[in-house]
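Undergrad: Below you will find the structure I want to go over with you.
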Amino acid sequence: YFDDSFVRLILGDSYVNETINNIENGDPTAIYKSGSEIGTFLGITINNIRVAILAYALGAVISIGTAWVLFNNGVMLGAFFTFFYDRDLLFVASKSIWLHGTIEISVIVIAGCAGFVMGNSILFPKTYSRMVSFVKGAKDGLKIMISTLPFFIIAGFIEGFITRYSNMPIWLAMTIIFSSLALIVFYYIIYPIQL
C-alpha cells in the first residue's frame, strides 16, 4: 500500500503506464476497450483456462503449488484494486472488473479447490493407500476442474464483448454482476445440495 513501485513489480510498467495515461484521459478502464472483441475473448479465455489447469495440476505437489498459484493471483488482484483505490477510482474499476471478474475469479478459486482436493488426497489418505487416495483425489479434482471450463468461456465472452462498454448504466452493470454471482452460487452451492 505504501510502496508505489510494488504495483509495477506485480502488473508491469507498461500496464501501469498505460492505465495512468487512461486515467489522465478520463477513461480509467480503457485498457479493456483495446484490441478486437474476438481476440480479447480468445486470449483471455485461453489464459484463464491455462491458469486453472496450472492451479489444478500443481495440487499434485501436496497442495503447495495450488496455494502458490492462488496466492499469486490474489496479490495481482489486490495490487490492481489498491492501484485504483489510491486514485479514488475503486468504484469505477470495480464496476468494470467485476462484470467478468465475478465468474472469472470465482472459477479460478474453484479450480484451486480442485487442486487442493488432489493434493490433500496425498496428505490425508484416510484408510486408503496413498496411491489409491491420490488417484481418487485426482479424479474428483478433475471433475471439479472440468466443470469450470464453460464458466471460463462465459467470463471470456463477457470480458471480450461486454466489459469494453463499462460506461453502461450502473443498474445494467449490477444486473450482470449479480446474475453472474447467482449463477456461480447456484451451480457450485445450491445445485450440489439439491443433488
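Just remember, in the C-alpha cells the first chain shown is A, the second B, etc., residues are 1-based per chain, and ligands are 1-based in the order shown.
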For Tyr56 in chain A, please output as number ranges by chain all residues within 8 Å (counting only C-alpha atoms; exclusion window: fewer than 6 positions along the same chain).

TA: A: 66, 111-116, 118, 141-142, 145

Undergrad: What would the file look like if the residues just selected were written as a PDB file, in the first residue's frame with C-alpha atoms?

TA:
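Here's the written file part-v4.pdb:
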ATOM      1  CA  THR A  66      -2.032 -24.735  -5.919  1.00  0.00           C
ATOM      2  CA  ALA A 111     -10.066 -24.709  -9.920  1.00  0.00           C
ATOM      3  CA  GLY A 112      -7.717 -24.139  -6.986  1.00  0.00           C
ATOM      4  CA  CYS A 113     -10.110 -26.142  -4.822  1.00  0.00           C
ATOM      5  CA  ALA A 114      -9.796 -28.948  -7.374  1.00  0.00           C
ATOM      6  CA  GLY A 115      -6.027 -28.794  -6.890  1.00  0.00           C
ATOM      7  CA  PHE A 116      -6.477 -28.939  -3.125  1.00  0.00           C
ATOM      8  CA  MET A 118      -5.968 -33.749  -5.355  1.00  0.00           C
ATOM      9  CA  GLY A 141     -10.431 -32.836  -8.645  1.00  0.00           C
ATOM     10  CA  LEU A 142     -10.525 -33.312 -12.415  1.00  0.00           C
ATOM     11  CA  MET A 145     -11.739 -28.640 -12.861  1.00  0.00           C
TER      12      MET A 145
END

Undergrad: Taking only C-alpha atoms into account, produce a table as a Markdown table in which each residue of range 59-140 of chain A with an atom at most 12 Å from an atom of range 1-9 of chain A appears once, together with its shortest atom pair and the distance in Å to one decimal, ordered by chain and rising number.

TA:
| residue | atom | partner | partner_atom | distance |
| --- | --- | --- | --- | --- |
| A:Val75 | CA | A:Val7 | CA | 9.6 |
| A:Met76 | CA | A:Val7 | CA | 8.3 |
| A:Leu77 | CA | A:Val7 | CA | 10.2 |
| A:Gly78 | CA | A:Val7 | CA | 9.3 |
| A:Ala79 | CA | A:Val7 | CA | 5.5 |
| A:Phe80 | CA | A:Val7 | CA | 7.2 |
| A:Phe81 | CA | A:Val7 | CA | 9.9 |
| A:Thr82 | CA | A:Tyr1 | CA | 6.9 |
| A:Phe83 | CA | A:Val7 | CA | 6.9 |
| A:Phe84 | CA | A:Val7 | CA | 10.6 |
| A:Tyr85 | CA | A:Tyr1 | CA | 9.9 |
| A:Asp86 | CA | A:Tyr1 | CA | 8.5 |
| A:Arg87 | CA | A:Asp4 | CA | 11.8 |

Undergrad: Using only C-alpha atoms for the distances, tell me which of A:Ile144, A:Met168, A:Leu149, A:Ile103 is nearest to Leu181 in chain A.

TA: A:Ile103

Undergrad: Find the distance between CA of Ala57 in chain A and CA of Ile38 in chain A and write it in Å to one decimal.

TA: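 Taking CA of Ala57 in chain A as the start and CA of Ile38 in chain A as the end point, the length is 28.1 Å.
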
Undergrad: In Å, how far is it from CA of Ile53 in chain A to CA of Gly137 in chain A?

TA: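 Pair CA of Ile53 in chain A / CA of Gly137 in chain A returns 15.3 Å.
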